[in-house]
Protein chains: 4
Amino acid sequence: MRSFASDNNTGVHPEILKAIVSANEGHAVAYGDDPYTERAIATFKKHFGKNIEVFFVFNGTAANVLSLKALTKSYQGILCSKTSHIHNDECGAPELFTGCKLIPIETSDGKLTTEKLGWHLQGVGDQHHVQPGAVSITQSTELGTVYSVEEIREISKFCRENNLYLHMDGARAANGAVSLGTELRAFTADAGVDVLSFGGTKNGLLGAEAVVFFKPELARDFKFIRKQAMQLSSKMRFIAVQFEALFAHNLWKTNAETANRMAQRLAKEISIFPQLEITQKVQANGVFVKIPPPVISKLRENFFFYTWDEKKSEVRWMTSFDTTEQDILDFVSALKLALN
Amino acid sequence: MRSFASDNNTGVHPEILKAIVSANEGHAVAYGDDPYTERAIATFKKHFGKNIEVFFVFNGTAANVLSLKALTKSYQGILCSKTSHIHNDECGAPELFTGCKLIPIETSDGKLTTEKLGWHLQGVGDQHHVQPGAVSITQSTELGTVYSVEEIREISKFCRENNLYLHMDGARAANGAVSLGTELRAFTADAGVDVLSFGGTKNGLLGAEAVVFFKPELARDFKFIRKQAMQLSSKMRFIAVQFEALFAHNLWKTNAETANRMAQRLAKEISIFPQLEITQKVQANGVFVKIPPPVISKLRENFFFYTWDEKKSEVRWMTSFDTTEQDILDFVSALKLALN
Amino acid sequence: MRSFASDNNTGVHPEILKAIVSANEGHAVAYGDDPYTERAIATFKKHFGKNIEVFFVFNGTAANVLSLKALTKSYQGILCSKTSHIHNDECGAPELFTGCKLIPIETSDGKLTTEKLGWHLQGVGDQHHVQPGAVSITQSTELGTVYSVEEIREISKFCRENNLYLHMDGARAANGAVSLGTELRAFTADAGVDVLSFGGTKNGLLGAEAVVFFKPELARDFKFIRKQAMQLSSKMRFIAVQFEALFAHNLWKTNAETANRMAQRLAKEISIFPQLEITQKVQANGVFVKIPPPVISKLRENFFFYTWDEKKSEVRWMTSFDTTEQDILDFVSALKLALN
Amino acid sequence: MRSFASDNNTGVHPEILKAIVSANEGHAVAYGDDPYTERAIATFKKHFGKNIEVFFVFNGTAANVLSLKALTKSYQGILCSKTSHIHNDECGAPELFTGCKLIPIETSDGKLTTEKLGWHLQGVGDQHHVQPGAVSITQSTELGTVYSVEEIREISKFCRENNLYLHMDGARAANGAVSLGTELRAFTADAGVDVLSFGGTKNGLLGAEAVVFFKPELARDFKFIRKQAMQLSSKMRFIAVQFEALFAHNLWKTNAETANRMAQRLAKEISIFPQLEITQKVQANGVFVKIPPPVISKLRENFFFYTWDEKKSEVRWMTSFDTTEQDILDFVSALKLALN
């Protein structure tokens with residue numbers, strides 16, 4: 001059974017699993033000193049440019065938090081969207097591990113703007129206030145929207161002008177790239193992002209995320225940060241090989257394309273129901289919908305998904321690399337029934 | 001090619017990989033609310049008793065550090081062997097995440113005793129001193145030795161008398177059990193251990209460790225500690241299923257038996273060389289040997305392994321679930337050549 | 001020259017200084033094991049009840065942060081007003097030392113209500129969210145307003161119903177008491193506050209704050225928390241004696257009365273100017289005023305004070321124990337001139 | 001009554017108290033933007049050179065911990081003597097606030113040497129080990145001994161060669177200077193120390209310590225570190241003025257001279273008793289003595305002092321700026337009685 005609850009609920013793409021199995025030969029030096037890791041890093045360099053540093057970690061929370069740790073000092077603040085994952089869904093991990101205060105900024109679509117960032121640049125130089133240290137944006141956002149390359153460039157320019165580092169939570173960077181129709185580097189390395197959390201797990205991996213530094217000097221001591229943060233895998237080859245396979249034959253892209261296309265399809269199918277209101281632009285693999293509470297209950301008898309905003313009766317439906325047209329049709333049928 | 005460098009350099013036992021592949025069906029709710037995790041926990045209860053709480057994490061560093069976090073307050077000290085992994089090989093992760101000071105105790109064989117613990121119980125009640133909060137022992141130890149059930153019971157009694165919690169780093173608990181010829185619970189739950197880091201990775205898993213609480217009240221808020229420590233896996237089923245498979249058909253035992261037996265075999269084979277000195281009792285899967293420096297260099301041309309103590313010219317050879325008699329014979333042949 | 005910038009800019013009340021001088025006799029055991037500290041604590045018990053625990057610290061930031069540390073675990077959140085000192089003026093000290101996320105709540109007058117607290121009680125039991133752990137209120141508030149006893153009782157009831165601890169930042173608790181016309185315990189111990197940061201510095205001390213626990217069991221390990229937080233004074237007698245003197249002859253009250261009365265007087269004097277708008281109720285020792293920007297500049301030629309809200313052209317004027325009628329008259333004269 | 005328990009048990013030198021009283025005039029901008037602080041810093045520059053940065057904090061624990069925070073990253077280790085105050089008497093404050101592991105080194109006299117430091121420079125570049133980051137030495141040491149200028153220069157050279165910063169805990173730096181017969185800068189700024197905790201409290205201040213940076217670039221963000229560490233005093237002038245007075249008329253020197261001379265005198269007086277053994281060179285203001293347990297008990301009936309090493313029956317007697325010849329004579333009389 002497949003649901004629209006989360007792209008985390010999927011399994012592993014068969015090609016990834018095959019790669020894991022194929023890496024299970026003989027011994028390999030632990031902790032990343034192995035040829036699998038070397039090859040996986042080389043693959044990242046093909047996509048993001050040669051002048052990068054890449055480190056693998058276990059999950060998205062760690063990719064974000066460790067990235068931010070590398071960019072900040074404990075007395076700083078991290079500006080982020082109020083809907084960001086780092087602010088809402090990481091149980092205070094960023095605060096605990098970086099010591100920083102998160103400065104959440106209200107947005108309608110999950111996207112920060114330089115104007116809003118400007119309003120929150122407060123107390124610079126004043127010893128009583130946390131000092132703005134970094135901006136974190138999410139691509140594609142937690143609301144299924146996507147920053148344009150130009151928008152990211154502007155934020156990056158703002159950051160440079162204000163001595164801020166720019167982090168991107170790219171748990172769904174692949175969905176962003178497909179949505180924009182660009183290469184991954186176009187809105188990351190080439191748009192002035194300093195560090196990227198590059199997500200694999202939501203895009204078909206068993207469990208693997210990467211921290212990608214576009215300014216190698218920022219990564220100088222990252223291996224120690226990773227280890228002290230309990231994120232150094234001993235049998236690293238089994239993480240590395242997932243990324244190698246993800247980039248082979250453009251699997252990252254195909255997977256994201258499927259997810260995005262299915263979100264479009266779902267949005268289109270439900271647009272005919274006047275009782276529903278799609279609340280965000282469907283630009284990646286999420287569809288946010290206002291829907292009458294009784295319909296939610298009815299639909300949940302057969303499908304598991306999350307309410308996004310209780311007060312607004314707004315739900316979130318996520319598609320993923322393994323969503324099929326039939327899944328959509330079944331879901332829409334159930335929805336139709338529930339609406340009547 | 002297989003080495004004696006570390007039981008971390010092994011791959012994944014085929015049965016474990018099979019289990020991972022078999023878990024890749026449809027969707028499952030993320031973060032542990034899935035039937036795989038439920039079954040894996042049930043399996044732990046069979047081995048360790050019903051009144052336990054079990055949490056899966058990514059690696060051994062995390063299993064140790066999170067266990068200790070659950071047992072301590074930041075102004076406390078953690079008594080451990082000077083050769084313990086938490087003191088030497090976790091890049092300060094215990095200090096950073098718990099805030100505690102580690103109090104390393106000199107031992108000859110990696111094993112703490114109540115006498116030595118008593119000497120280090122200092123400053124109790126004095127606000128200037130860190131307050132002794134927990135004892136951490138390793139089974140089997142980092143030196144390949146094994147605590148008897150009685151020794152652990154005595155330490156546990158000491159802990160209760162002195163208001164200390166007892167943690168066991170069981171990265172190689174399976175090797176300890178096989179060495180003692182007991183069930184896992186005999187030297188953990190039944191011997192008065194409060195929290196166990198139960199290792200899977202060194203014993204044939206792809207990457208999975210468990211934190212096992214023998215006093216459920218200590219685990220009350222552990223799910224938040226785990227999340228804030230960035231150790232909550234989204235596709236948890238793929239971690240859980242590894243443990244399920246490890247306990248099925250006693251694979252945990254068979255794997256550890258092979259490793260321990262091969263260590264015995266290795267020790268026996270090399271005992272005939274008068275230039276070598278085995279420095280520790282071979283009770284689990286490690287063999288510690290003093291060996292002339294030129295022989296080390298020679299041997300390293302074909303085999304990768306670690307020097308344990310540069311000054312003493314002491315090396316560490318680890319066996320693992322996949323070590324074969326042929327591996328031993330090849331290694332011993334090379335050793336013989338190097339010695340001549 | 002005296003300003004209306006802050007009650008921190010004052011010196012020390014002569015009686016306090018006299019007490020410090022008088023304590024300078026012979027040796028006294030360091031770190032609080034001295035008769036001065038014993039007597040000071042006894043004095044607190046007279047005012048707050050016998051069943052309390054009192055600890056002295058150096059400053060208000062520490063009193064707040066250590067109080068909160070004693071009440072929370074690192075994965076929790078602390079609900080507070082968006083205008084609170086802990087959120088704005090402590091450079092991230094609460095986050096760094098407790099690990100907690102602060103959850104700032106918008107208010108018009110600096111006062112939390114149970115309704116607003118209710119809206120922010122989110123994610124309880126959900127491992128992805130910080131868990132609400134404590135509420136922190138300020139009395140008198142950072143906006144010069146004062147909670148009624150009834151309002152605090154309601155918040156306390158809400159806290160008990162929701163397993164939250166209640167902390168009061170009482171940097172200006174004396175001003176609150178005077179404003180309410182009650183004893184100090186009426187709106188603290190007797191109203192269900194769990195821990196109070198009791199301020200002395202803004203009320204005429206050289207530098208001394210107290211952490212007062214109304215549930216002694218919460219203080220069980222506080223001496224270690226204080227020491228590890230670098231807040232244990234060696235020559236403690238000179239801190240303790242300040243509190244002893246503050247409570248002698250009701251100096252705490254007289255000082256706060258002067259400050260509050262002068263704020264009333266200032267508010268009254270300026271109420272005749274139509275170009276000014278007093279933006280908050282004047283209930284303690286602060287007066288918040290909207291005032292045209294050119295007038296601010298003019299006035300600043302002779303008086304130093306802080307702009308509270310640049311956008312609104314709102315300033316903050318604080319009175320203190322040493323403010324005189326003449327100070328007010330001089331200031332109002334200058335204001336009159338600046339307005340013309 | 002005066003004891004030999006600790007130089008912390010003294011009161012305040014009358015000149016210091018006079019200075020505090022004299023600073024109590026009118027208002028002064030809080031948090032260090034006042035002329036008193038400016039003048040005090042200027043005074044430090046006269047003693048330590050112009051190219052320094054100075055910050056005042058409340059106590060010695062903070063001076064040490066904040067210095068170390070400024071010099072290290074959380075995954076580093078701090079090499080120190082096993083008898084150092086940071087290791088024994090700060091309840092884990094260094095670990096909690098810096099995240100670092102302390103690496104205690106055994107010494108006979110409290111003094112580190114480059115040879116011993118070399119032995120403990122382990123795991124450099126290895127991600128599993130904490131990375132050596134700083135060395136902390138104490139002058140004069142916790143055992144009453146004093147490093148020569150040359151010894152400090154050698155340690156400093158070692159630090160530079162090994163990318164380590166050098167911190168000096170100078171809680172008793174004045175006693176060190178007097179012992180060496182040099183200016184304060186001779187064994188700090190001019191000997192290659194990077195940051196100094198300069199102690200005032202044990203030398204006659206009410207409570208004030210300074211963090212002195214000899215490389216200003218290391219201090220760039222220290223004001224935020226201080227604030228976030230809860231060590232920013234609001235009425236700073238009363239801390240600053242203590243230092244101003246300490247340096248006026250060489251009070252720092254006179255006070256330390258008295259203390260040191262009295263220690264010499266005490267040592268001389270007791271050297272005639274064959275039952276006593278002075279265990280450390282008396283170079284500053286501490287005398288360490290082995291003395292039969294019954295004599296300790298007897299002596300304690302009238303004098304309070306600390307046992308340093310229970311097992312050895314070794315006690316510590318500290319002299320201070322207010323110790324008089326009569327104090328010594330009285331104590332020695334009592335000792336004589338106790339010995340018979």
# chains A, B, ... in the order shown; residues from 1 in each chain; ligands from 1
>>> interface_residues(of="chain B", to="chain C", cutoff="10 Å", atoms="only C-alpha atoms", output="list in words")
Tyr31, Lys73, Ser74, Tyr75, Gln76, Gly99, Gly125, Asp126, Gln127, His128, His129, Val130, Gln131, Asp221, Phe222, Lys223, Phe224, Ile225, Arg226, Lys227, Gln228, Ala229 and Leu232 of chain B
>>> residues_around(residues="Leu335 of chain B", least_positions_apart="2", cutoff="12 Å", atoms="only C-alpha atoms", output="MDAnalysis selection string")
chainID B and resid 266 269:273 275:276 291:292 294:303 328:333 337:340
>>> atom_distance(atom1="atom CA of Thr113 of chain A", atom2="atom CA of Gln139 of chain A")
13.6 Å
>>> select_by_dssp(residues="segment 112-336 of chain B", states="strand (DSSP E)", output="count of residues only")
40
>>> closest_residue(among="D:Asp190, D:Lys18, D:Glu310, D:Gln231", to="Glu90 of chain C", atoms="only C-alpha atoms")
D:Gln231
>>> closest_residue(among="C:Asn255, C:Asn250, C:Asn162, C:Ser148", to="Thr43 of chain C", atoms="only C-alpha atoms")
C:Asn250
>>> residues_around(residues="Phe288 of chain C", least_positions_apart="4", cutoff="12 Å", atoms="only C-alpha atoms", output="PyMOL selection string")
chain C and resi 4-5+109+142-145+263-264+266-267+270-271+276-284+305-309+312-319
>>> write_last_selection(atoms="N, CA and C atoms", output="short mmCIF file (atom, residue, chain, number, x, y, z; two decimals), in the first residue's frame")
data_model
loop_
_atom_site.label_atom_id
_atom_site.label_comp_id
_atom_site.auth_asym_id
_atom_site.auth_seq_id
_atom_site.Cartn_x
_atom_site.Cartn_y
_atom_site.Cartn_z
N PHE C 4 17.75 58.98 32.09
CA PHE C 4 16.60 58.09 32.14
C PHE C 4 16.80 56.89 31.22
N ALA C 5 18.06 56.59 30.96
CA ALA C 5 18.37 55.53 30.00
C ALA C 5 18.03 54.15 30.56
N ASP C 109 1.38 44.29 25.39
CA ASP C 109 1.82 44.97 26.61
C ASP C 109 2.88 44.18 27.39
N GLU C 142 9.05 44.10 30.72
CA GLU C 142 10.01 44.93 29.99
C GLU C 142 9.33 46.17 29.40
N LEU C 143 8.00 46.19 29.41
CA LEU C 143 7.27 47.36 28.89
C LEU C 143 6.69 48.21 30.02
N GLY C 144 7.12 47.95 31.23
CA GLY C 144 6.70 48.78 32.35
C GLY C 144 5.31 48.47 32.86
N THR C 145 4.75 47.34 32.41
CA THR C 145 3.44 46.93 32.89
C THR C 145 3.59 45.89 33.99
N ALA C 263 8.25 57.59 37.89
CA ALA C 263 7.72 57.27 36.56
C ALA C 263 6.32 57.86 36.40
N GLN C 264 5.54 57.75 37.46
CA GLN C 264 4.19 58.34 37.43
C GLN C 264 4.29 59.84 37.20
N LEU C 266 6.75 61.54 35.92
CA LEU C 266 7.21 61.84 34.56
C LEU C 266 6.07 61.70 33.56
N ALA C 267 5.31 60.63 33.70
CA ALA C 267 4.18 60.40 32.79
C ALA C 267 3.18 61.54 32.88
N ILE C 270 4.49 64.80 31.21
CA ILE C 270 4.57 64.82 29.74
C ILE C 270 3.21 64.63 29.09
N SER C 271 2.21 64.28 29.91
CA SER C 271 0.89 64.01 29.31
C SER C 271 0.26 65.27 28.73
N LEU C 276 3.25 64.02 22.04
CA LEU C 276 3.74 62.76 22.61
C LEU C 276 2.59 61.80 22.85
N GLU C 277 2.89 60.51 22.71
CA GLU C 277 1.87 59.50 23.03
C GLU C 277 2.48 58.45 23.95
N ILE C 278 1.94 58.33 25.13
CA ILE C 278 2.41 57.29 26.05
C ILE C 278 1.79 55.98 25.59
N THR C 279 2.64 54.99 25.29
CA THR C 279 2.15 53.80 24.58
C THR C 279 1.82 52.63 25.49
N GLN C 280 2.30 52.66 26.71
CA GLN C 280 2.01 51.56 27.64
C GLN C 280 1.51 52.14 28.97
N LYS C 281 0.72 51.37 29.65
CA LYS C 281 0.35 51.76 31.01
C LYS C 281 1.60 51.96 31.84
N VAL C 282 1.65 53.02 32.61
CA VAL C 282 2.82 53.25 33.47
C VAL C 282 2.52 52.65 34.83
N GLN C 283 2.94 51.41 35.00
CA GLN C 283 2.63 50.69 36.24
C GLN C 283 3.85 50.44 37.11
N ALA C 284 5.02 50.59 36.51
CA ALA C 284 6.23 50.37 37.31
C ALA C 284 7.16 51.57 37.12
N PHE C 305 19.31 58.27 26.36
CA PHE C 305 18.26 57.25 26.56
C PHE C 305 18.14 56.42 25.28
N TYR C 306 17.39 55.34 25.39
CA TYR C 306 17.33 54.39 24.29
C TYR C 306 16.04 54.50 23.47
N THR C 307 16.19 54.35 22.18
CA THR C 307 15.02 54.19 21.31
C THR C 307 14.54 52.75 21.48
N TRP C 308 13.28 52.57 21.70
CA TRP C 308 12.73 51.22 21.89
C TRP C 308 12.33 50.61 20.55
N ASP C 309 11.68 51.43 19.73
CA ASP C 309 11.20 50.92 18.44
C ASP C 309 11.43 52.01 17.40
N LYS C 312 8.51 52.98 15.01
CA LYS C 312 7.41 53.75 15.61
C LYS C 312 7.90 55.06 16.24
N SER C 313 9.19 55.27 16.22
CA SER C 313 9.78 56.42 16.93
C SER C 313 9.33 56.42 18.40
N GLU C 314 9.50 55.23 18.99
CA GLU C 314 9.09 55.05 20.39
C GLU C 314 10.34 54.94 21.27
N VAL C 315 10.33 55.70 22.35
CA VAL C 315 11.49 55.65 23.25
C VAL C 315 11.10 55.09 24.62
N ARG C 316 12.11 54.73 25.37
CA ARG C 316 11.90 54.20 26.72
C ARG C 316 12.62 55.08 27.72
N TRP C 317 11.90 55.57 28.72
CA TRP C 317 12.53 56.31 29.79
C TRP C 317 12.33 55.55 31.09
N MET C 318 13.45 55.28 31.75
CA MET C 318 13.39 54.52 33.00
C MET C 318 13.72 55.43 34.18
N THR C 319 12.96 55.29 35.22
CA THR C 319 13.31 55.97 36.47
C THR C 319 13.95 54.95 37.41
#
>>> select_by_dssp(residues="segment 172-224 of chain C", states="alpha helix (DSSP H)", output="list in words")
Ala173, Ala174, Asn175, Gly176, Ala177, Val178, Ser179, Leu180, Phe222, Lys223 and Phe224 of chain C
>>> closest_residue(among="B:Ala62, B:Ala334, B:Val135, B:Ile52", to="Cys91 of chain B", atoms="only C-alpha atoms")
B:Ala62
>>> closest_residue(among="B:Glu257, B:Glu106, B:Glu25, B:Asp7", to="Thr201 of chain B", atoms="only C-alpha atoms")
B:Asp7
>>> residues_around(residues="Ile86 of chain C", least_positions_apart="2", cutoff="9 Å", atoms="only C-alpha atoms", output="list in words")
Thr61, Asn64, Val65, Cys80, Thr83, Ser84, Asn88, Asp89, Glu90, Cys91, Gly92, Ala93, Pro94, Leu102, Ser136 and Asp169 of chain C
>>> residues_around(residues="Leu17 of chain A", least_positions_apart="4", cutoff="10 Å", atoms="only C-alpha atoms", output="list in words")
Gly11, Val12, His13, Val21, Ser22, Ala23, Gly204, Leu205, Leu206, Phe238, Val241, Gln242 and Ala245 of chain A; Leu17, Ile20, Val21 and Asn24 of chain B
>>> write_last_selection(atoms="N, CA and C atoms", output="JSON list (two decimals), in the first residue's frame")
[["chain", "number", "residue", "atom", "x", "y", "z"],
["A", 11, "GLY", "N", 9.95, 3.13, 0.11],
["A", 11, "GLY", "CA", 11.09, 2.24, 0.32],
["A", 11, "GLY", "C", 12.30, 2.77, -0.42],
["A", 12, "VAL", "N", 13.09, 1.83, -0.91],
["A", 12, "VAL", "CA", 14.33, 2.17, -1.58],
["A", 12, "VAL", "C", 14.17, 1.87, -3.07],
["A", 13, "HIS", "N", 14.69, 2.75, -3.91],
["A", 13, "HIS", "CA", 14.61, 2.47, -5.34],
["A", 13, "HIS", "C", 15.41, 1.20, -5.64],
["A", 21, "VAL", "N", 23.86, -4.00, -2.54],
["A", 21, "VAL", "CA", 24.21, -5.42, -2.58],
["A", 21, "VAL", "C", 25.56, -5.60, -3.29],
["A", 22, "SER", "N", 25.77, -4.88, -4.36],
["A", 22, "SER", "CA", 27.00, -5.06, -5.13],
["A", 22, "SER", "C", 28.23, -4.56, -4.36],
["A", 23, "ALA", "N", 28.00, -3.66, -3.39],
["A", 23, "ALA", "CA", 29.15, -3.14, -2.63],
["A", 23, "ALA", "C", 29.58, -4.09, -1.53],
["A", 204, "GLY", "N", 14.67, 8.26, -2.86],
["A", 204, "GLY", "CA", 14.84, 6.87, -3.23],
["A", 204, "GLY", "C", 16.00, 6.13, -2.59],
["A", 205, "LEU", "N", 16.80, 6.83, -1.78],
["A", 205, "LEU", "CA", 17.88, 6.12, -1.09],
["A", 205, "LEU", "C", 17.36, 5.43, 0.17],
["A", 206, "LEU", "N", 18.16, 4.50, 0.67],
["A", 206, "LEU", "CA", 17.79, 3.82, 1.91],
["A", 206, "LEU", "C", 17.95, 4.78, 3.09],
["A", 238, "PHE", "N", 28.60, 1.73, 2.16],
["A", 238, "PHE", "CA", 27.18, 1.46, 1.88],
["A", 238, "PHE", "C", 26.35, 2.73, 1.82],
["A", 241, "VAL", "N", 27.89, 4.32, -1.86],
["A", 241, "VAL", "CA", 27.44, 3.64, -3.07],
["A", 241, "VAL", "C", 26.01, 4.03, -3.44],
["A", 242, "GLN", "N", 25.24, 4.44, -2.48],
["A", 242, "GLN", "CA", 23.88, 4.89, -2.79],
["A", 242, "GLN", "C", 23.92, 6.17, -3.64],
["A", 245, "ALA", "N", 25.04, 5.43, -7.17],
["A", 245, "ALA", "CA", 23.94, 4.88, -7.97],
["A", 245, "ALA", "C", 22.88, 5.95, -8.27],
["B", 17, "LEU", "N", 21.53, -8.67, 4.52],
["B", 17, "LEU", "CA", 21.24, -7.99, 3.26],
["B", 17, "LEU", "C", 19.93, -8.50, 2.68],
["B", 20, "ILE", "N", 17.12, -6.85, 4.44],
["B", 20, "ILE", "CA", 16.92, -5.46, 3.99],
["B", 20, "ILE", "C", 16.14, -5.45, 2.69],
["B", 21, "VAL", "N", 16.57, -6.30, 1.77],
["B", 21, "VAL", "CA", 15.88, -6.35, 0.46],
["B", 21, "VAL", "C", 14.41, -6.73, 0.66],
["B", 24, "ASN", "N", 11.86, -4.07, 1.56],
["B", 24, "ASN", "CA", 11.62, -3.00, 0.59],
["B", 24, "ASN", "C", 10.33, -3.21, -0.18]]
>>> residues_around(residues="Thr258 of chain B", least_positions_apart="5", cutoff="9 Å", atoms="only C-alpha atoms", output="ChimeraX atom specification")
/B:253,263,285,319-324
>>> atom_distance(atom1="atom CA of Val195 of chain C", atom2="atom CA of His167 of chain C")
5.0 Å
>>> closest_residue(among="C:Val29, C:Val289, C:Met236, C:Ala248", to="Val57 of chain C", atoms="only C-alpha atoms")
C:Met236
>>> atom_distance(atom1="atom CA of Phe56 of chain B", atom2="atom CA of Ile239 of chain B")
7.4 Å
>>> residues_around(residues="Phe247 of chain B", least_positions_apart="5", cutoff="12 Å", atoms="only C-alpha atoms", output="VMD selection string")
chain B and resid 15 to 16 19 39 to 48 174 184 200 203 to 205 240 to 242 252 to 255
>>> write_last_selection(atoms="N, CA, C and O atoms", output="short mmCIF file (atom, residue, chain, number, x, y, z; two decimals), in the first residue's frame")
data_model
loop_
_atom_site.label_atom_id
_atom_site.label_comp_id
_atom_site.auth_asym_id
_atom_site.auth_seq_id
_atom_site.Cartn_x
_atom_site.Cartn_y
_atom_site.Cartn_z
N GLU B 15 22.62 -12.77 5.12
CA GLU B 15 21.25 -12.89 5.66
C GLU B 15 20.67 -11.52 5.99
O GLU B 15 19.46 -11.30 5.90
N ILE B 16 21.55 -10.64 6.45
CA ILE B 16 21.11 -9.29 6.79
C ILE B 16 20.71 -8.54 5.53
O ILE B 16 19.67 -7.87 5.48
N ALA B 19 17.45 -9.61 4.33
CA ALA B 19 16.35 -9.03 5.12
C ALA B 19 16.05 -7.60 4.70
O ALA B 19 14.89 -7.19 4.60
N ARG B 39 8.34 -5.54 15.45
CA ARG B 39 8.83 -6.92 15.54
C ARG B 39 10.26 -6.98 16.07
O ARG B 39 10.61 -7.85 16.87
N ALA B 40 11.07 -6.03 15.63
CA ALA B 40 12.47 -6.04 16.10
C ALA B 40 12.53 -5.81 17.61
O ALA B 40 13.30 -6.46 18.32
N ILE B 41 11.70 -4.91 18.10
CA ILE B 41 11.68 -4.66 19.54
C ILE B 41 11.21 -5.90 20.30
O ILE B 41 11.76 -6.26 21.34
N ALA B 42 10.21 -6.57 19.75
CA ALA B 42 9.73 -7.80 20.37
C ALA B 42 10.86 -8.82 20.48
O ALA B 42 10.98 -9.54 21.48
N THR B 43 11.69 -8.86 19.47
CA THR B 43 12.82 -9.78 19.47
C THR B 43 13.80 -9.46 20.59
O THR B 43 14.32 -10.35 21.27
N PHE B 44 14.06 -8.18 20.76
CA PHE B 44 14.93 -7.77 21.87
C PHE B 44 14.34 -8.22 23.21
O PHE B 44 15.07 -8.64 24.11
N LYS B 45 13.03 -8.12 23.32
CA LYS B 45 12.40 -8.49 24.60
C LYS B 45 12.57 -9.98 24.89
O LYS B 45 12.68 -10.40 26.04
N LYS B 46 12.58 -10.77 23.83
CA LYS B 46 12.83 -12.20 24.03
C LYS B 46 14.20 -12.44 24.64
O LYS B 46 14.40 -13.32 25.46
N HIS B 47 15.16 -11.64 24.20
CA HIS B 47 16.53 -11.86 24.65
C HIS B 47 16.87 -11.18 25.97
O HIS B 47 17.70 -11.65 26.73
N PHE B 48 16.24 -10.03 26.20
CA PHE B 48 16.67 -9.23 27.35
C PHE B 48 15.60 -9.09 28.43
O PHE B 48 15.83 -8.48 29.46
N ALA B 174 27.91 -9.33 21.74
CA ALA B 174 27.72 -10.70 21.25
C ALA B 174 28.99 -11.52 21.48
O ALA B 174 28.92 -12.67 21.92
N LEU B 184 22.60 -13.26 26.39
CA LEU B 184 22.95 -11.84 26.44
C LEU B 184 22.48 -11.19 27.74
O LEU B 184 23.13 -10.30 28.28
N GLY B 200 25.49 -3.89 16.59
CA GLY B 200 25.17 -4.77 15.48
C GLY B 200 26.18 -4.67 14.36
O GLY B 200 26.53 -5.66 13.72
N ASN B 203 29.12 -6.87 14.08
CA ASN B 203 28.75 -8.28 14.06
C ASN B 203 27.95 -8.65 12.81
O ASN B 203 27.18 -9.60 12.82
N GLY B 204 28.10 -7.86 11.76
CA GLY B 204 27.53 -8.29 10.48
C GLY B 204 26.39 -7.45 9.93
O GLY B 204 25.90 -7.70 8.84
N LEU B 205 25.97 -6.42 10.68
CA LEU B 205 24.92 -5.56 10.14
C LEU B 205 25.52 -4.51 9.20
O LEU B 205 26.72 -4.24 9.25
N ALA B 240 15.56 -1.60 11.61
CA ALA B 240 14.90 -2.59 12.46
C ALA B 240 15.04 -4.01 11.90
O ALA B 240 15.32 -4.96 12.64
N VAL B 241 14.86 -4.11 10.62
CA VAL B 241 14.85 -5.43 10.01
C VAL B 241 16.22 -6.11 10.12
O VAL B 241 16.31 -7.34 10.15
N GLN B 242 17.26 -5.30 10.23
CA GLN B 242 18.59 -5.89 10.42
C GLN B 242 18.68 -6.60 11.76
O GLN B 242 19.27 -7.68 11.87
N TRP B 252 23.28 -13.73 15.48
CA TRP B 252 24.17 -12.93 16.35
C TRP B 252 25.24 -13.80 17.00
O TRP B 252 26.39 -13.40 17.14
N LYS B 253 24.80 -15.04 17.35
CA LYS B 253 25.67 -15.95 18.08
C LYS B 253 26.67 -16.62 17.13
O LYS B 253 27.86 -16.68 17.41
N THR B 254 26.13 -17.10 16.04
CA THR B 254 26.99 -17.76 15.06
C THR B 254 28.09 -16.81 14.59
O THR B 254 29.26 -17.19 14.50
N ASN B 255 27.69 -15.59 14.30
CA ASN B 255 28.68 -14.61 13.84
C ASN B 255 29.76 -14.37 14.88
O ASN B 255 30.95 -14.34 14.57
#
